[in-house]
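Student: Pasting a structure below so you can have a look.
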There are 2 protein chains.
Amino acid sequence: MKTVAIVGVGLIGGSFGLALRQNGFRGRLIGVSSAPAIEAGIAAGAIDAGAGLEEAARAADLIYLAQPVDRILTTLGSLQGLVRPTALVTDAGSTKAAIVRQAAKYLPSGSFLGGHPLAGKEQRGAQAAEPGLFAGRPYVLTPEGPATEASREFRSWLTRIGARLVEIPADEHDRIVALTSHLPQVISTALAVTLSRQPDRVNEIFGPGLLDMTRLAMSAPDLWIPILKTNKGPVTAALEAYISTLDSLRHALQNDNLVKLFETGFCWAKLLREPKAGI
Amino acid sequence: MKTVAIVGVGLIGGSFGLALRQNGFRGRLIGVSSAPAIEAGIAAGAIDAGAGLEEAARAADLIYLAQPVDRILTTLGSLQGLVRPTALVTDAGSTKAAIVRQAAKYLPSGSFLGGHPLAGKEQRGAQAAEPGLFAGRPYVLTPEGPATEASREFRSWLTRIGARLVEIPADEHDRIVALTSHLPQVISTALAVTLSRQPDRVNEIFGPGLLDMTRLAMSAPDLWIPILKTNKGPVTAALEAYISTLDSLRHALQNDNLVKLFETGFCWAKLLREPKAGI
């Protein structure tokens with residue numbers, strides 16, 4: 001792997017470039033992004049230079065798509081006919097089924113591997129990139145991907161940058177992140193929207209809990225709306241399960257019967273934080 | 001104010017004792033609590049000694065009730081006939097209407113001031129107490145309270161320990177915290193309960209957002225259930241408003257119409273974090 005094209009030089013793309021460099025990658029890192037993003041990426045040391053998609057794709061052994069989900073879908077269409085036969089295309093999008101389908105439609109068979117690093121932070125842009133962003137975090141790969149030399153080499157770089165590889169089919173991935181990532185986002189936004197509709201002094205009397213619970217609401221809408229749009233079915237199911245739990249809690253409150261639900265939530269939240277065997 | 005009785009030497013009671021000491025209080029601090037709590041309170045420097053409720057109440061110029069809400073209600077009943085004529089009884093309970101009513105029933109008129117420090121952290125007990133816990137945080141006082149010398153002196157100590165006094169009637173307080181504190185707690189618990197009911201690998205693939213959104217679920221059920229129980233009406237109304245927002249979001253997802261709701265949530269969450277004029 002001598003030349004890597006990073007399409008979308010933001011937080012994730014920039015961190016991937018920095019992580020490669022810091023872990024000994026000596027090849028070329030080409031960025032495909034807006035002019036200010038290219039400038040920030042070069043300044044951060046995440047890429048060596050910028051190029052257009054066609055030029056970068058024709059040169060690259062690895063094409064790493066780190067754009068918002070809707071833009072990844074568009075880019076996959078534009079890559080048709082541009083990818084070298086031995087190259088690997090992979091992505092870092094937050095949903096997988098729609099992207100894997102799109103790749104199957106436009107790219108040669110055996111050239112695409114879907115990915116999703118469960119890493120991130122509030123800030124955006126290559127300015128915020130960190131070489132350690134993926135370290136210790138799960139990095140989902142779809143097992144529908146190819147068993148090529150390029151794919152093997154990419155996995156080995158992911159391991160070198162400290163990511164914890166998790167193989168999981170695209171549909172199952174989307175169902176799980178609907179619950180563990182998309183649902184938390186929607187309920188944080190819903191809390192902020194609910195409070196925005198209240199009169200009086202709600203923004204005056206609150207503790208640290210409200211800040212925790214509305215932090216995700218400050219995520220960028222232009223990143224999140226495409227994520228939810230490409231995962232409608234699983235997100236709707238997750239929302240329905242959640243609303244049904246809220247209804248149980250509302251009834252339990254009326255009937256002074258909250259103990260069991262509160263203990264279940266308490267124990268599950270504690271267990272979530274425990275180190276898991278084999279992970 | 002020479003003698004202060006702190007009833008319930010936990011995180012809040014212990015921090016109140018430490019805050020008084022650190023800000024120059026030279027009188028006696030008596031704790032009324034379980035034997036291990038008294039021991040931890042003395043070790044932390046939050047109290048000088050332990051005593052029974054009757055002994056402490058008869059000696060105190062200020063009786064500071066920092067127990068869980070249900071225990072404050074019981075203690076108010078037990079204080080009948082024990083409070084010195086010039087003393088002030090105040091509390092740090094998370095709901096106010098039920099407590100103010102109970103105080104009116106059992107204590108001499110003009111002896112009770114309801115309070116609620118919007119401060120806290122995950123840990124419990126006097127071991128976790130901090131003299132700066134109230135600094136910069138809102139401290140609600142119910143204006144139904146008395147205009148006595150003891151009340152004036154207590155307010156002046158609250159100011160000295162850095163609390164930001166906010167006067168607000170008990171009912172209005174309860175309606176606001178139902179939205180800004182009790183609703184966030186319930187929706188965090190509901191998220192953990194919903195995920196506990198899912199099969200497969202939900203606890204394997206998640207990002208930092210899920211940890212944020214389930215942190216409150218780890219709050220102690222024995223503190224929270226009495227809070228919700230003494231604020232059923234406002235919490236039910238808050239839950240209903242919230243479920244209705246979730247329904248709007250579910251519909252907007254179906255109709256590719258999420259932008260406005262996401263922008264509202266985004267802006268409200270940002271504004272919540274801005275310094276407010278006059279506060």
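Following the order of the structure tokens, chains are lettered A, B, ..., residues in each are numbered from 1, and ligands are numbered from 1.
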Which residues come within 12 Å of His251 in chain A, counting only C-alpha atoms, excluding same-chain residues fewer than 2 positions away, as a PyMOL selection string?
Tutor: (chain A and resi 244-249+253-258+261) or (chain B and resi 232+235-236+239-240)
Student: Report as number ranges by chain: the residues of range 52-272 of chain B with a DSSP assignment of strand (DSSP E), based on the backbone of this structure.
Tutor: B: 62-65, 88-91, 112-113, 115-117, 138-141, 164-167
Student: Could you tell me which of B:Leu107, B:Cys267, B:Ile72, B:Ala238 comes closest to Val186 in chain B if we count only C-alpha atoms?
Tutor: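 The closest residue to Val186 in chain B is B:Ala238.
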Student: Pick the closest to Ala87 in chain A from A:Val4, A:Ala44, A:Ala135, A:Val69: which is it, counting only C-alpha atoms?
Tutor: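 Checking each of A:Val4, A:Ala44, A:Ala135, A:Val69 against Ala87 in chain A, counting only C-alpha atoms, the winner is A:Val4.
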Student: Identify, on the basis of only C-alpha atoms, every residue whose closest approach to Gly115 in chain B does not exceed 7 Å; exclude the query and any residue fewer than 3 positions from it along the same chain; express the result as a PyMOL selection string.
Tutor: chain B and resi 90-93+139-142
Student: Would you write out those residues with N, CA, C and O atoms, as a short mmCIF file (atom, residue, chain, number, x, y, z; two decimals), in the first residue's frame?
Tutor:
```
data_model
loop_
_atom_site.label_atom_id
_atom_site.label_comp_id
_atom_site.auth_asym_id
_atom_site.auth_seq_id
_atom_site.Cartn_x
_atom_site.Cartn_y
_atom_site.Cartn_z
N THR B 90 -34.21 24.01 57.32
CA THR B 90 -34.22 24.10 55.86
C THR B 90 -33.88 22.71 55.31
O THR B 90 -33.49 21.82 56.07
N ASP B 91 -34.06 22.52 54.01
CA ASP B 91 -33.79 21.19 53.44
C ASP B 91 -33.10 21.34 52.10
O ASP B 91 -33.04 22.44 51.54
N ALA B 92 -32.59 20.21 51.60
CA ALA B 92 -31.91 20.21 50.30
C ALA B 92 -32.58 19.19 49.37
O ALA B 92 -31.95 18.64 48.49
N GLY B 93 -33.86 18.97 49.59
CA GLY B 93 -34.57 17.95 48.81
C GLY B 93 -34.83 18.38 47.37
O GLY B 93 -34.99 19.57 47.08
N TYR B 139 -29.01 27.66 43.64
CA TYR B 139 -29.54 27.13 44.90
C TYR B 139 -30.93 27.72 45.05
O TYR B 139 -31.09 28.91 45.34
N VAL B 140 -31.95 26.88 44.83
CA VAL B 140 -33.32 27.37 44.88
C VAL B 140 -33.78 27.53 46.33
O VAL B 140 -33.54 26.66 47.16
N LEU B 141 -34.43 28.66 46.60
CA LEU B 141 -35.10 28.86 47.89
C LEU B 141 -36.55 29.19 47.60
O LEU B 141 -36.85 29.93 46.67
N THR B 142 -37.46 28.62 48.41
CA THR B 142 -38.88 28.90 48.18
C THR B 142 -39.24 30.21 48.87
O THR B 142 -38.96 30.38 50.06
#
```
Student: Got a sec to tell me which of range 173-272 of chain B DSSP assigns to alpha helix (DSSP H), as an NGL selection string?
Tutor: :B and (173-177 or 183-196 or 208-213 or 221-229 or 232-254 or 259-272)
Student: Could you write those residues out with C-alpha atoms, as a PDB file, in the first residue's frame?
Tutor:
```pdb
ATOM      1  CA  HIS B 173     -39.826  24.773  41.047  1.00  0.00           C
ATOM      2  CA  ASP B 174     -41.322  21.291  40.874  1.00  0.00           C
ATOM      3  CA  ARG B 175     -42.732  21.913  37.394  1.00  0.00           C
ATOM      4  CA  ILE B 176     -39.353  23.154  36.134  1.00  0.00           C
ATOM      5  CA  VAL B 177     -37.211  20.387  37.643  1.00  0.00           C
ATOM      6  CA  LEU B 183     -37.299  13.955  32.774  1.00  0.00           C
ATOM      7  CA  PRO B 184     -33.577  13.530  31.895  1.00  0.00           C
ATOM      8  CA  GLN B 185     -33.326  10.902  34.642  1.00  0.00           C
ATOM      9  CA  VAL B 186     -36.353   8.974  33.380  1.00  0.00           C
ATOM     10  CA  ILE B 187     -35.256   9.062  29.736  1.00  0.00           C
ATOM     11  CA  SER B 188     -31.771   7.823  30.630  1.00  0.00           C
ATOM     12  CA  THR B 189     -33.253   4.957  32.661  1.00  0.00           C
ATOM     13  CA  ALA B 190     -35.681   4.233  29.801  1.00  0.00           C
ATOM     14  CA  LEU B 191     -32.784   4.020  27.332  1.00  0.00           C
ATOM     15  CA  ALA B 192     -30.939   1.508  29.512  1.00  0.00           C
ATOM     16  CA  VAL B 193     -34.138  -0.531  30.051  1.00  0.00           C
ATOM     17  CA  THR B 194     -34.895  -0.542  26.301  1.00  0.00           C
ATOM     18  CA  LEU B 195     -31.393  -1.757  25.470  1.00  0.00           C
ATOM     19  CA  SER B 196     -31.471  -4.381  28.230  1.00  0.00           C
ATOM     20  CA  PRO B 208     -19.200   7.589  23.628  1.00  0.00           C
ATOM     21  CA  GLY B 209     -22.756   8.928  23.055  1.00  0.00           C
ATOM     22  CA  LEU B 210     -24.339   5.871  24.663  1.00  0.00           C
ATOM     23  CA  LEU B 211     -22.150   6.280  27.738  1.00  0.00           C
ATOM     24  CA  ASP B 212     -23.275   9.908  28.090  1.00  0.00           C
ATOM     25  CA  MET B 213     -26.907   9.020  27.676  1.00  0.00           C
ATOM     26  CA  PRO B 221     -32.855   4.169  42.550  1.00  0.00           C
ATOM     27  CA  ASP B 222     -33.497   4.696  46.279  1.00  0.00           C
ATOM     28  CA  LEU B 223     -32.841   8.434  45.883  1.00  0.00           C
ATOM     29  CA  TRP B 224     -34.776   8.835  42.640  1.00  0.00           C
ATOM     30  CA  ILE B 225     -37.940   6.873  43.222  1.00  0.00           C
ATOM     31  CA  PRO B 226     -39.050   9.096  46.160  1.00  0.00           C
ATOM     32  CA  ILE B 227     -38.225  12.213  44.096  1.00  0.00           C
ATOM     33  CA  LEU B 228     -40.505  11.055  41.274  1.00  0.00           C
ATOM     34  CA  LYS B 229     -43.167   9.882  43.715  1.00  0.00           C
ATOM     35  CA  LYS B 232     -45.991  12.693  39.952  1.00  0.00           C
ATOM     36  CA  GLY B 233     -48.155  15.306  38.244  1.00  0.00           C
ATOM     37  CA  PRO B 234     -45.370  17.466  36.780  1.00  0.00           C
ATOM     38  CA  VAL B 235     -43.241  14.423  35.833  1.00  0.00           C
ATOM     39  CA  THR B 236     -46.201  12.802  34.075  1.00  0.00           C
ATOM     40  CA  ALA B 237     -46.859  16.027  32.146  1.00  0.00           C
ATOM     41  CA  ALA B 238     -43.167  16.279  31.198  1.00  0.00           C
ATOM     42  CA  LEU B 239     -43.138  12.645  30.034  1.00  0.00           C
ATOM     43  CA  GLU B 240     -46.236  13.192  27.937  1.00  0.00           C
ATOM     44  CA  ALA B 241     -44.746  16.264  26.273  1.00  0.00           C
ATOM     45  CA  TYR B 242     -41.576  14.282  25.613  1.00  0.00           C
ATOM     46  CA  ILE B 243     -43.371  11.268  24.120  1.00  0.00           C
ATOM     47  CA  SER B 244     -45.263  13.654  21.859  1.00  0.00           C
ATOM     48  CA  THR B 245     -41.944  15.135  20.635  1.00  0.00           C
ATOM     49  CA  LEU B 246     -40.635  11.631  19.946  1.00  0.00           C
ATOM     50  CA  ASP B 247     -43.761  10.951  17.917  1.00  0.00           C
ATOM     51  CA  SER B 248     -43.154  14.109  15.855  1.00  0.00           C
ATOM     52  CA  LEU B 249     -39.584  12.967  15.248  1.00  0.00           C
ATOM     53  CA  ARG B 250     -40.777   9.520  14.189  1.00  0.00           C
ATOM     54  CA  HIS B 251     -43.190  11.054  11.702  1.00  0.00           C
ATOM     55  CA  ALA B 252     -40.593  13.524  10.454  1.00  0.00           C
ATOM     56  CA  LEU B 253     -38.190  10.603   9.858  1.00  0.00           C
ATOM     57  CA  GLN B 254     -40.794   8.863   7.693  1.00  0.00           C
ATOM     58  CA  VAL B 259     -34.226  19.413   9.473  1.00  0.00           C
ATOM     59  CA  LYS B 260     -36.397  21.808  11.449  1.00  0.00           C
ATOM     60  CA  LEU B 261     -36.619  19.624  14.566  1.00  0.00           C
ATOM     61  CA  PHE B 262     -32.889  18.891  14.530  1.00  0.00           C
ATOM     62  CA  GLU B 263     -32.061  22.578  14.163  1.00  0.00           C
ATOM     63  CA  THR B 264     -34.393  23.503  17.022  1.00  0.00           C
ATOM     64  CA  GLY B 265     -32.733  20.923  19.289  1.00  0.00           C
ATOM     65  CA  PHE B 266     -29.262  21.991  18.171  1.00  0.00           C
ATOM     66  CA  CYS B 267     -29.908  25.680  18.873  1.00  0.00           C
ATOM     67  CA  TRP B 268     -31.638  25.131  22.201  1.00  0.00           C
ATOM     68  CA  ALA B 269     -28.814  22.898  23.468  1.00  0.00           C
ATOM     69  CA  LYS B 270     -26.246  25.531  22.404  1.00  0.00           C
ATOM     70  CA  LEU B 271     -28.178  28.376  24.032  1.00  0.00           C
ATOM     71  CA  LEU B 272     -28.507  26.401  27.282  1.00  0.00           C
TER      72      LEU B 272
END
```
Student: Quick one: distance from CA of Ala5 in chain B to CA of Asp61 in chain B in Å, one decimal?
Tutor: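 Distance reported for this atom pair: 7.9 Å.
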Student: Pull the closest atom pair for each residue of range 145-230 of chain A that gets at most 12 Å from range 148-172 of chain B, along with the distance in Å to one decimal, counting only C-alpha atoms, ordering rows by chain and then ascending residue number, as a Markdown table.
Tutor:
```
| residue | atom | partner | partner_atom | distance |
| --- | --- | --- | --- | --- |
| A:Pro199 | CA | B:Glu172 | CA | 11.5 |
| A:Asp200 | CA | B:Glu172 | CA | 9.3 |
| A:Arg201 | CA | B:Glu172 | CA | 9.2 |
| A:Val202 | CA | B:Glu172 | CA | 10.3 |
| A:Glu204 | CA | B:Val166 | CA | 8.9 |
| A:Ile205 | CA | B:Val166 | CA | 8.3 |
| A:Phe206 | CA | B:Val166 | CA | 11.5 |
```
Student: Any idea what's packed within 7 Å of range 24-32 of chain A, counting only C-alpha atoms, ignoring anything in its chain fewer than 6 positions away? Could you give it as a list in words?
Tutor: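 After dropping sequence-adjacent residues, the list is Lys2, Thr3, Val4, Ala5, Ile6, Val7, Gly8, Val9, Gly17, Ile38, Ile47, Asp48, Ala49, Gly50, Ala51, Gly52, Leu53 and Ala56 of chain A.
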Student: Using only C-alpha atoms, can you tell me which of B:Val83, B:Leu118, B:Ile99, B:Leu73 comes closest to chain A?
Tutor: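 Selected residue with least distance to chain A: B:Leu118.
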Student: Using Å and a single decimal, report how far CA of Gly14 in chain A sits from CA of Arg71 in chain A.
Tutor: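 These two atoms are separated by 16.7 Å.
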Student: So, with only C-alpha atoms as the atoms that count, which of B:Ser111, B:Ser219, B:Gln127, B:Thr230 lies closest to chain A?
Tutor: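 Checking each candidate against chain A, we get B:Ser219 as the closest.
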Student: For chain A, which residue among B:Val89, B:Ile12, B:Leu216, B:Leu76 is the nearest when counting only C-alpha atoms?
Tutor: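 Closest to chain A, using only C-alpha atoms: B:Leu216.
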Student: Taking into account only C-alpha atoms, which residue in the set B:Glu122, B:Glu39, B:Glu55, B:Glu144 is nearest to chain A?
Tutor: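 Under the stated criterion, the closest residue is B:Glu122.
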Student: Excluding same-chain residues fewer than 4 positions from Gly10 in chain B, what lies within 7 Å of it counting only C-alpha atoms, as a list in words?
Tutor: Gly14, Ala37, Arg124, Gly125 and Ala126 of chain B
